[in-house]
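Next comes data12.cif, a file with mmCIF, C-alpha atoms.
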data_start
loop_
_atom_site.label_atom_id
_atom_site.label_comp_id
_atom_site.auth_asym_id
_atom_site.auth_seq_id
_atom_site.Cartn_x
_atom_site.Cartn_y
_atom_site.Cartn_z
CA MET A 1 -34.96 20.62 -6.70
CA THR A 2 -31.74 22.55 -7.00
CA PRO A 3 -28.49 20.80 -8.00
CA ARG A 4 -27.07 21.37 -4.51
CA VAL A 5 -30.05 19.64 -2.87
CA LEU A 6 -29.80 16.74 -5.28
CA ARG A 7 -26.08 16.39 -4.57
CA TRP A 8 -26.62 16.21 -0.81
CA ALA A 9 -29.60 13.86 -1.23
CA SER A 10 -27.47 11.48 -3.29
CA LEU A 11 -25.06 11.26 -0.33
CA VAL A 12 -27.50 11.10 2.56
CA VAL A 13 -30.16 8.76 1.13
CA PRO A 14 -27.78 5.82 0.46
CA MET A 15 -26.32 6.18 3.97
CA ALA A 16 -29.84 6.26 5.48
CA LEU A 17 -30.75 3.07 3.60
CA ALA A 18 -27.57 1.38 4.81
CA VAL A 19 -28.30 2.43 8.42
CA ALA A 20 -31.85 1.06 8.15
CA ASP A 21 -30.46 -2.19 6.73
CA ALA A 22 -28.01 -2.47 9.63
CA LEU A 23 -30.72 -1.90 12.24
CA LEU A 24 -33.18 -4.31 10.62
CA VAL A 25 -30.59 -7.09 10.32
CA ASN A 26 -28.73 -6.67 13.65
CA GLY A 27 -31.32 -4.93 15.83
CA VAL A 28 -30.62 -1.96 18.07
CA THR A 29 -28.54 -3.74 20.67
CA PRO A 30 -24.91 -2.58 20.48
CA GLY A 31 -22.48 -5.29 19.44
CA LEU A 32 -19.78 -6.20 16.95
CA GLU A 33 -22.24 -6.92 14.15
CA LEU A 34 -24.16 -3.65 14.57
CA ASN A 35 -20.99 -1.60 15.00
CA VAL A 36 -19.29 -2.78 11.79
CA SER A 37 -22.58 -2.36 9.92
CA LEU A 38 -22.99 1.25 11.10
CA VAL A 39 -19.36 2.01 10.26
CA ALA A 40 -19.95 0.65 6.77
CA ALA A 41 -23.06 2.84 6.44
CA ALA A 42 -21.26 5.98 7.66
CA ALA A 43 -18.34 5.37 5.29
CA LEU A 44 -20.71 5.88 2.34
CA LEU A 45 -20.50 9.63 2.92
CA LEU A 46 -16.95 9.50 1.48
CA ARG A 47 -17.66 7.09 -1.36
CA ARG A 48 -17.25 9.70 -4.10
CA ARG A 49 -13.85 10.91 -2.93
CA LEU A 50 -12.45 7.52 -1.79
CA PRO A 51 -14.45 4.85 -3.58
CA VAL A 52 -11.97 1.99 -3.16
CA THR A 53 -11.24 2.76 0.51
CA VAL A 54 -14.94 2.99 1.31
CA PHE A 55 -15.57 -0.31 -0.46
CA LEU A 56 -12.91 -2.06 1.62
CA THR A 57 -14.42 -0.50 4.76
CA THR A 58 -17.84 -1.98 3.96
CA LEU A 59 -16.56 -5.55 3.52
CA PRO A 60 -16.60 -6.31 7.29
CA GLY A 61 -20.22 -5.17 7.30
CA ILE A 62 -21.31 -7.93 4.90
CA LEU A 63 -18.92 -10.50 6.38
CA ILE A 64 -19.78 -9.92 10.06
CA GLY A 65 -23.02 -7.93 10.09
CA TYR A 66 -24.64 -9.53 7.02
CA VAL A 67 -25.72 -6.19 5.56
CA TRP A 68 -26.03 -5.79 1.81
CA PHE A 69 -26.82 -2.14 1.04
CA ALA A 70 -23.53 -0.58 2.15
CA PRO A 71 -21.15 -2.92 0.26
CA MET A 72 -23.34 -3.00 -2.87
CA ILE A 73 -23.57 0.81 -2.98
CA ALA A 74 -19.81 1.04 -2.46
CA MET A 75 -19.26 -1.51 -5.25
CA TYR A 76 -21.50 0.51 -7.56
CA THR A 77 -19.46 3.66 -6.82
CA VAL A 78 -16.19 1.88 -7.62
CA ALA A 79 -17.59 0.72 -10.97
CA ALA A 80 -18.91 4.20 -11.82
CA ARG A 81 -15.73 6.08 -10.87
CA ARG A 82 -12.88 3.58 -11.29
CA PRO A 83 -13.77 1.47 -14.37
CA ASP A 84 -10.53 -0.49 -14.36
CA ARG A 85 -11.21 -4.11 -15.30
CA ARG A 86 -8.62 -5.62 -12.98
CA LEU A 87 -9.78 -3.47 -10.06
CA LEU A 88 -13.43 -4.37 -10.69
CA ALA A 89 -12.65 -8.08 -11.00
CA PHE A 90 -10.65 -8.06 -7.76
CA SER A 91 -13.34 -6.04 -5.94
CA ALA A 92 -16.08 -8.36 -7.16
CA LEU A 93 -14.07 -11.37 -5.95
CA LEU A 94 -13.61 -9.81 -2.49
CA LEU A 95 -17.32 -8.97 -2.24
CA ALA A 96 -18.35 -12.49 -3.32
CA ILE A 97 -15.98 -14.08 -0.77
CA ALA A 98 -17.21 -11.80 2.04
CA HIS A 99 -20.76 -12.74 1.16
CA PHE A 100 -20.13 -16.47 0.73
CA VAL A 101 -17.95 -17.12 3.78
CA PRO A 102 -19.96 -17.20 7.05
CA TRP A 103 -18.99 -15.55 10.32
CA PRO A 104 -17.40 -17.06 12.29
CA VAL A 105 -15.53 -18.96 9.62
CA SER A 106 -15.68 -22.15 11.70
CA ASP A 107 -19.41 -22.39 10.90
CA PHE A 108 -18.67 -23.13 7.25
CA GLU A 109 -19.80 -26.67 6.28
CA PRO A 110 -18.29 -27.89 2.98
CA THR A 111 -20.78 -30.77 2.74
CA ALA A 112 -23.84 -28.51 2.68
CA TYR A 113 -23.86 -28.46 -1.10
CA ARG A 114 -27.36 -27.11 -1.60
CA GLU A 115 -26.98 -24.21 0.82
CA ASN A 116 -23.48 -23.42 -0.39
CA THR A 117 -24.68 -23.33 -4.02
CA LEU A 118 -27.51 -20.94 -3.22
CA THR A 119 -25.17 -18.75 -1.20
CA LEU A 120 -22.64 -18.72 -4.04
CA ILE A 121 -25.34 -17.64 -6.51
CA ASP A 122 -26.42 -14.86 -4.15
CA ALA A 123 -22.81 -13.78 -3.70
CA SER A 124 -22.25 -13.67 -7.45
CA VAL A 125 -25.37 -11.56 -8.04
CA THR A 126 -24.48 -9.30 -5.13
CA SER A 127 -21.03 -8.58 -6.59
CA VAL A 128 -21.86 -8.46 -10.33
CA ALA A 129 -25.12 -6.46 -10.29
CA PRO A 130 -23.62 -3.26 -8.78
CA ILE A 131 -20.74 -3.40 -11.27
CA ALA A 132 -23.12 -3.71 -14.22
CA LEU A 133 -25.26 -0.83 -12.97
CA GLY A 134 -22.22 1.35 -12.28
CA LEU A 135 -20.75 0.77 -15.74
CA LEU A 136 -24.13 1.47 -17.33
CA VAL A 137 -24.48 4.78 -15.52
CA ARG A 138 -20.89 5.74 -16.37
CA THR A 139 -21.46 4.91 -20.06
CA ARG A 140 -24.62 6.97 -20.08
CA THR A 141 -22.82 9.91 -18.50
CA GLU A 142 -19.98 9.71 -21.02
CA LEU A 143 -22.46 9.45 -23.88
CA ALA A 144 -24.32 12.52 -22.63
CA ALA A 145 -21.02 14.41 -22.40
CA ARG A 146 -20.07 13.41 -25.94
CA ILE A 147 -23.47 14.45 -27.25
CA GLU A 148 -23.01 17.81 -25.55
CA ASP A 149 -19.55 18.15 -27.12
CA LEU A 150 -21.00 17.29 -30.52
CA THR A 151 -23.72 19.87 -29.98
CA HIS A 152 -21.11 22.51 -29.16
CA SER A 153 -19.04 21.44 -32.18
CA ARG A 154 -22.10 21.62 -34.43
CA ARG A 155 -22.94 25.05 -33.09
CA HIS A 156 -19.36 26.17 -33.66
CA ALA A 157 -19.43 24.76 -37.20
CA ASP A 158 -22.68 26.63 -37.87
CA GLU A 159 -21.07 29.84 -36.64
CA LEU A 160 -18.08 29.27 -38.92
CA LEU A 161 -20.39 28.58 -41.85
CA ALA A 162 -22.34 31.74 -41.11
CA GLN A 163 -19.10 33.71 -41.00
CA GLN A 164 -18.02 32.18 -44.29
CA VAL A 165 -21.34 33.06 -45.92
CA LEU A 166 -21.05 36.58 -44.56
CA SER A 167 -17.50 36.88 -45.87
CA THR A 168 -18.56 35.61 -49.27
CA GLU A 169 -21.42 38.07 -49.41
CA ARG A 170 -19.11 40.90 -48.44
CA ALA A 171 -16.70 40.03 -51.23
CA ARG A 172 -19.54 39.79 -53.72
CA LEU A 173 -20.86 43.18 -52.70
CA ALA A 174 -17.35 44.60 -53.01
CA ARG A 175 -17.03 43.34 -56.57
CA GLU A 176 -20.43 44.66 -57.60
CA MET A 177 -19.87 48.01 -55.91
CA HIS A 178 -16.60 48.50 -57.71
CA ASP A 179 -17.89 47.36 -61.10
CA VAL A 180 -21.13 49.35 -61.05
CA VAL A 181 -20.74 52.36 -58.77
CA ALA A 182 -17.17 53.24 -59.66
CA HIS A 183 -17.98 53.19 -63.34
CA GLN A 184 -21.02 55.43 -63.05
CA VAL A 185 -19.40 57.88 -60.63
CA SER A 186 -16.36 58.21 -62.88
CA LEU A 187 -18.70 59.10 -65.75
CA ILE A 188 -20.34 61.73 -63.59
CA SER A 189 -16.95 63.19 -62.71
CA LEU A 190 -15.87 63.21 -66.35
CA GLN A 191 -19.03 64.95 -67.53
CA ALA A 192 -18.82 67.44 -64.70
CA GLY A 193 -15.24 68.26 -65.71
CA ALA A 194 -16.36 68.85 -69.29
CA VAL A 195 -19.14 71.18 -68.11
CA GLN A 196 -16.70 73.04 -65.87
CA ILE A 197 -14.45 73.79 -68.85
CA SER A 198 -17.10 74.59 -71.44
CA ALA A 199 -19.75 76.40 -69.40
CA ALA A 200 -19.88 80.18 -69.80
CA ASP A 201 -21.81 80.83 -66.61
CA ALA A 202 -19.66 81.11 -63.49
CA GLN A 203 -22.33 79.56 -61.28
CA ALA A 204 -22.62 76.57 -63.63
CA ARG A 205 -18.84 76.12 -63.58
CA GLU A 206 -18.86 76.26 -59.79
CA SER A 207 -21.66 73.68 -59.61
CA ALA A 208 -19.78 71.43 -62.03
CA ARG A 209 -16.63 71.77 -59.95
CA THR A 210 -18.57 70.83 -56.81
CA ILE A 211 -20.06 67.79 -58.53
CA ARG A 212 -16.64 66.71 -59.71
CA GLU A 213 -15.13 67.08 -56.24
CA LEU A 214 -17.98 65.11 -54.70
CA SER A 215 -17.53 62.38 -57.32
CA VAL A 216 -13.82 62.13 -56.58
CA ARG A 217 -14.50 62.00 -52.85
CA THR A 218 -17.15 59.32 -53.37
CA LEU A 219 -14.73 57.21 -55.39
CA ASP A 220 -12.09 57.58 -52.70
CA GLU A 221 -14.50 56.46 -49.97
CA LEU A 222 -15.71 53.63 -52.18
CA ARG A 223 -12.11 52.49 -52.66
CA HIS A 224 -11.62 52.20 -48.89
CA MET A 225 -14.94 50.42 -48.44
CA VAL A 226 -14.13 47.92 -51.18
CA GLY A 227 -10.79 47.24 -49.53
CA VAL A 228 -12.57 46.35 -46.28
CA LEU A 229 -15.22 44.21 -47.94
CA ARG A 230 -12.72 42.33 -50.10
CA ALA A 231 -10.81 41.10 -47.05
CA ALA A 232 -12.93 37.94 -46.82
CA GLY A 233 -12.86 36.25 -50.26
CA GLY A 234 -15.36 35.69 -53.07
CA ASP A 235 -17.88 33.28 -54.49
CA LEU A 236 -19.70 32.28 -57.64
CA GLU A 237 -22.98 34.03 -56.86
CA GLU A 238 -23.87 37.34 -58.44
CA LEU A 239 -26.44 40.06 -57.89
CA THR A 240 -29.33 40.77 -60.22
CA PRO A 241 -30.25 42.41 -62.49
CA GLN A 242 -27.04 42.07 -64.48
CA PRO A 243 -25.86 43.28 -67.91
CA CYS A 244 -25.24 41.12 -70.98
CA LEU A 245 -23.41 41.32 -74.30
CA ALA A 246 -26.23 43.28 -75.89
CA ASP A 247 -25.52 46.14 -73.45
CA LEU A 248 -21.94 46.67 -74.66
CA PRO A 249 -22.76 49.22 -77.42
CA ARG A 250 -24.68 51.35 -74.94
CA LEU A 251 -21.83 51.12 -72.43
CA ILE A 252 -19.33 52.28 -75.05
CA GLU A 253 -21.63 55.09 -76.17
CA LEU A 254 -21.90 56.44 -72.62
CA SER A 255 -18.19 56.13 -71.93
CA ALA A 256 -17.40 59.50 -73.60
CA LEU A 257 -14.25 57.93 -75.08
CA ASP A 258 -12.97 57.45 -78.62
CA VAL A 259 -13.74 53.73 -78.93
CA ASP A 260 -13.69 51.35 -81.90
CA TYR A 261 -15.93 48.39 -81.12
CA GLU A 262 -15.70 45.07 -82.96
CA ALA A 263 -18.01 42.14 -82.27
CA ASP A 264 -17.17 38.86 -83.98
CA TYR A 265 -19.35 36.14 -82.52
CA GLY A 266 -22.34 34.28 -83.85
CA GLU A 267 -25.83 34.59 -82.51
CA GLY A 268 -26.67 31.89 -80.03
CA VAL A 269 -23.04 31.43 -79.05
CA LEU A 270 -24.07 31.19 -75.40
CA GLU A 271 -27.33 29.30 -75.84
CA GLY A 272 -27.81 26.11 -73.87
CA LEU A 273 -25.20 26.95 -71.27
CA GLY A 274 -25.96 27.01 -67.54
CA GLN A 275 -23.27 29.66 -67.08
CA SER A 276 -24.12 31.79 -70.13
CA GLU A 277 -25.33 34.69 -67.99
CA ALA A 278 -22.12 34.62 -65.97
CA VAL A 279 -20.02 34.64 -69.17
CA GLU A 280 -21.89 37.60 -70.63
CA ARG A 281 -21.69 39.42 -67.33
CA ALA A 282 -17.95 38.82 -67.11
CA VAL A 283 -17.40 40.17 -70.63
CA PHE A 284 -19.41 43.29 -69.82
CA ARG A 285 -17.52 43.90 -66.56
CA ILE A 286 -14.14 43.46 -68.25
CA VAL A 287 -14.96 46.08 -70.87
CA GLN A 288 -16.52 48.36 -68.28
CA GLU A 289 -13.51 48.26 -65.95
CA ALA A 290 -11.05 48.68 -68.81
CA LEU A 291 -12.87 51.81 -70.02
CA THR A 292 -12.94 53.19 -66.50
CA ASN A 293 -9.17 52.70 -66.24
CA VAL A 294 -8.66 54.46 -69.57
CA ARG A 295 -10.55 57.49 -68.29
CA LYS A 296 -8.48 57.54 -65.11
CA HIS A 297 -5.02 56.79 -66.48
CA ALA A 298 -5.05 57.55 -70.23
CA PRO A 299 -7.27 60.56 -70.95
CA GLY A 300 -7.68 61.31 -74.64
CA ALA A 301 -6.34 57.92 -75.75
CA ARG A 302 -7.99 55.96 -78.54
CA VAL A 303 -9.51 52.64 -77.46
CA ARG A 304 -10.18 49.44 -79.37
CA VAL A 305 -12.65 46.91 -77.94
CA ARG A 306 -12.94 43.50 -79.57
CA VAL A 307 -15.14 40.59 -78.51
CA SER A 308 -14.65 37.51 -80.66
CA GLU A 309 -15.57 33.84 -80.75
CA VAL A 310 -12.68 31.45 -81.41
CA GLY A 311 -13.00 27.76 -82.32
CA GLU A 312 -11.15 25.09 -80.33
CA VAL A 313 -9.64 21.82 -81.49
CA ASP A 314 -12.30 19.15 -81.88
CA GLU A 315 -12.09 15.42 -81.19
CA VAL A 316 -10.36 14.61 -84.48
CA GLY A 317 -7.74 17.31 -84.10
CA GLU A 318 -9.21 19.85 -86.56
CA VAL A 319 -9.89 23.45 -85.69
CA ASP A 320 -13.55 24.41 -85.94
CA GLU A 321 -13.28 28.08 -86.96
CA VAL A 322 -16.13 30.48 -86.54
CA GLY A 323 -18.31 30.65 -89.58
CA GLY A 324 -16.69 27.60 -91.23
CA ALA A 325 -18.83 25.63 -93.59
CA GLU A 326 -18.07 22.39 -91.81
CA GLY A 327 -18.99 23.55 -88.32
CA ASP A 328 -21.50 21.16 -86.78
CA GLY A 329 -22.01 22.89 -83.42
CA LYS A 330 -20.17 20.17 -81.53
CA GLY A 331 -16.79 21.85 -81.00
CA VAL A 332 -16.00 23.66 -77.77
CA ARG A 333 -15.33 27.35 -78.32
CA GLU A 334 -14.31 30.33 -76.24
CA LEU A 335 -14.93 34.02 -76.10
CA ARG A 336 -11.97 36.36 -76.21
CA VAL A 337 -12.17 39.93 -74.98
CA GLU A 338 -9.51 42.53 -75.71
CA VAL A 339 -9.53 46.18 -74.67
CA ARG A 340 -6.50 48.04 -76.00
CA ASN A 341 -5.79 51.74 -75.62
CA GLY A 342 -2.98 53.91 -76.94
CA ALA A 343 -0.85 56.40 -75.11
CA PRO A 344 -2.67 59.23 -73.31
CA ASP A 345 -3.10 62.58 -75.04
CA ALA A 346 -0.62 65.04 -73.56
CA THR A 347 -3.08 67.92 -74.07
CA ALA A 348 -5.93 66.16 -72.23
CA THR A 349 -6.57 66.89 -68.57
CA ALA A 350 -6.44 63.87 -66.28
CA PRO A 351 -9.60 63.60 -64.16
CA GLY A 352 -7.61 62.75 -61.02
CA LEU A 353 -9.89 59.91 -60.04
CA PRO A 354 -8.67 57.71 -57.15
CA GLY A 355 -8.03 54.01 -57.64
CA GLY A 356 -7.39 51.15 -55.30
CA GLY A 357 -6.31 48.41 -57.69
CA HIS A 358 -9.34 46.24 -56.89
CA GLY A 359 -10.88 46.36 -60.36
CA LEU A 360 -8.44 44.09 -62.17
CA ILE A 361 -8.34 41.75 -59.16
CA GLY A 362 -12.12 41.32 -59.31
CA LEU A 363 -12.04 40.80 -63.08
CA ARG A 364 -9.33 38.15 -62.78
CA GLU A 365 -11.43 36.39 -60.14
CA ARG A 366 -14.45 36.41 -62.45
CA ALA A 367 -12.45 34.86 -65.27
CA GLN A 368 -10.92 32.19 -63.03
CA LEU A 369 -14.30 31.24 -61.58
CA LEU A 370 -15.49 30.56 -65.13
CA GLY A 371 -12.37 28.54 -65.94
CA GLY A 372 -10.78 31.30 -67.98
CA THR A 373 -7.83 33.65 -67.71
CA LEU A 374 -7.26 37.40 -67.71
CA GLU A 375 -4.05 39.32 -68.30
CA ALA A 376 -3.37 43.05 -68.21
CA HIS A 377 -0.10 44.81 -68.94
CA PRO A 378 1.30 48.02 -70.46
CA LEU A 379 2.36 48.23 -74.13
CA PRO A 380 5.66 49.50 -75.52
CA ASP A 381 3.94 52.49 -77.14
CA GLY A 382 2.69 53.75 -73.78
CA GLY A 383 -0.74 52.14 -74.03
CA PHE A 384 -2.35 49.34 -72.07
CA VAL A 385 -4.13 46.11 -72.96
CA VAL A 386 -6.55 43.85 -71.12
CA ARG A 387 -7.16 40.38 -72.55
CA ALA A 388 -9.48 37.68 -71.27
CA ARG A 389 -10.31 34.17 -72.43
CA LEU A 390 -13.53 32.56 -71.27
CA PRO A 391 -13.63 28.88 -72.32
CA GLY A 392 -16.50 26.44 -72.21
CA VAL A 393 -18.75 28.27 -74.67
CA ARG A 394 -20.72 25.97 -76.95
CA PRO A 395 -22.25 27.34 -80.14
CA ALA A 396 -25.83 26.78 -81.08
CA PRO A 397 -26.33 24.01 -83.70
CA ARG A 398 -26.31 25.31 -87.24
CA PRO A 399 -29.17 24.41 -89.57
CA PRO A 400 -28.26 22.07 -92.46
CA GLN A 401 -27.40 23.82 -95.69
CA SER A 402 -29.63 23.21 -98.63
#
Represent the structure contained in this file as structure tokens.
Amino acid sequence: MTPRVLRWASLVVPMALAVADALLVNGVTPGLELNVSLVAAAALLLRRRLPVTVFLTTLPGILIGYVWFAPMIAMYTVAARRPDRRLLAFSALLLAIAHFVPWPVSDFEPTAYRENTLTLIDASVTSVAPIALGLLVRTRTELAARIEDLTHSRRHADELLAQQVLSTERARLAREMHDVVAHQVSLISLQAGAVQISAADAQARESARTIRELSVRTLDELRHMVGVLRAAGGDLEELTPQPCLADLPRLIELSALDVDYEADYGEGVLEGLGQSEAVERAVFRIVQEALTNVRKHAPGARVRVRVSEVGEVDEVGEVDEVGGAEGDGKGVRELRVEVRNGAPDATATAPGLPGGGHGLIGLRERAQLLGGTLEAHPLPDGGFVVRARLPGVRPAPRPPQS
């Protein structure tokens, strides 16, 4: 059945029952009893709009015509639509009185204790039962509405969570795109520029120039794409496969820069750590981005890369230095990364690579996510330095000395 049919049936069926009740109790002969009973039955058509008025209209039906359906249905409607305690108590009292008092009132016999008691019980049930049913139905309706609201809220929360996950993934992709693609494309552009200058064949120089222009255009488009993807934030997750500390020499070798590399950390410095891969990856990305910036902003400059392990103060207030004879593997250490370059060579040709400033932002985020810090600033001699501290690194236990 359609909702419209159900709505009309809920209005017509109660009135039909009340009419049948009136005819069964008072017969078909017109009279005062039948008339007030039929009026009470007809008033039920307006019970949803005027519940209290309809209820008062049905009271003569139970008082004079002795019909029950019309006043009980009207009482139920008042309870379901007007759940005011004082109103319900007053309405129940009126219904009980109309049921208890006979018509005409002169027929009431105070000494008929047994009959009066039974009538009072019937009047109480007649007035209380519709109220209880009406309140039950109203509570059920409110509960269903609240469950629906909770369902909508849960759905909305799921949508927000999905948007947050999407935003996080976008930021992660932005960081990886900048760290990986920008570095490789800048190398391609640099090598193409070298070929363009040194090649004797005109066609080779033209091909190298085309490759260099395409590399620059790719970096420019990548910069805009990273700016869009970074608009939503970041997270702790990373993509795989990822580089580690052992890949730093190869990175420096392929950088085509004049780099002095110093590594001062013990083997196993990151063993036993749940975030060891993230620490190694952060160190690699810091060096990678710093070298990329040197190629873009300081061509021909000498570069010094240093990755060192530094001891922290232990529980007794003594510094546990790296390589110390008394180190027991219990002190908390940190990795420090420094990439320092001098002033650019005035005779070197700048590659003209575009930059969006997202590299250092991503590196700073990496360091902060690991509980560390990163700083980058120019030097008085015209160079630039990038320093990072990544705490929480625990060394591997050292074997006892013989």
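Note that atom CA of A:Trp68 and atom CA of A:Leu17 are 10.2 Å apart.
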(message) Please list, as an MDAnalysis selection string, the residues that have an atom at most 12 Å away from (-10.7, 37.9, -71.0) in the coordinates of this file, counting only C-alpha atoms.
(response) chainID A and resid 279:287 289:290 305:309 334:339 360 363:368 370:376 385:391
(request) Could you state which residues are captured by the PyMOL selection byres ((chain A and resi 49-62) around 10) in this file, as a PyMOL selection string? (result) chain A and resi 22+32-48+63-82+87-88+91+94-103
(request) Calculate how many Å separate atom CA of A:Pro344 from atom CA of A:Pro243, rounding to one decimal. (result) 28.7 Å
Residues at most 10 Å from A:Arg209, counting only C-alpha atoms, excluding those fewer than 3 positions away in the same chain, as a PDB file with C-alpha atoms, keeping the file's coordinate frame?
ATOM      1  CA  SER A 189     -16.950  63.190 -62.710  1.00  0.00           C
ATOM      2  CA  ALA A 192     -18.820  67.440 -64.700  1.00  0.00           C
ATOM      3  CA  GLY A 193     -15.240  68.260 -65.710  1.00  0.00           C
ATOM      4  CA  ALA A 194     -16.360  68.850 -69.290  1.00  0.00           C
ATOM      5  CA  VAL A 195     -19.140  71.180 -68.110  1.00  0.00           C
ATOM      6  CA  GLN A 196     -16.700  73.040 -65.870  1.00  0.00           C
ATOM      7  CA  ILE A 197     -14.450  73.790 -68.850  1.00  0.00           C
ATOM      8  CA  GLN A 203     -22.330  79.560 -61.280  1.00  0.00           C
ATOM      9  CA  ALA A 204     -22.620  76.570 -63.630  1.00  0.00           C
ATOM     10  CA  ARG A 205     -18.840  76.120 -63.580  1.00  0.00           C
ATOM     11  CA  GLU A 206     -18.860  76.260 -59.790  1.00  0.00           C
ATOM     12  CA  ARG A 212     -16.640  66.710 -59.710  1.00  0.00           C
ATOM     13  CA  GLU A 213     -15.130  67.080 -56.240  1.00  0.00           C
ATOM     14  CA  LEU A 214     -17.980  65.110 -54.700  1.00  0.00           C
ATOM     15  CA  SER A 215     -17.530  62.380 -57.320  1.00  0.00           C
TER      16      SER A 215
END
(message) Just to confirm, what's the straight-line distance from atom CA of A:Leu291 to atom CA of A:Arg170 in Å (one decimal)?
(response)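 Separation between atom CA of A:Leu291 and atom CA of A:Arg170: 25.0 Å.
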(message) Considering only C-alpha atoms, can you say which of A:Ser10, A:Arg333, A:Arg140, A:Ala92 comes closest to A:Thr126?
(response) A:Ala92
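Residues matched by the PyMOL selection byres ((chain A and resi 257) around 10) in this structure: Ile252, Glu253, Leu254, Ser255, Ala256, Asp258, Val259, Asp260, Leu291, Thr292, Val294, Arg295, Pro299, Gly300, Ala301, Arg302 and Val303 of chain A.
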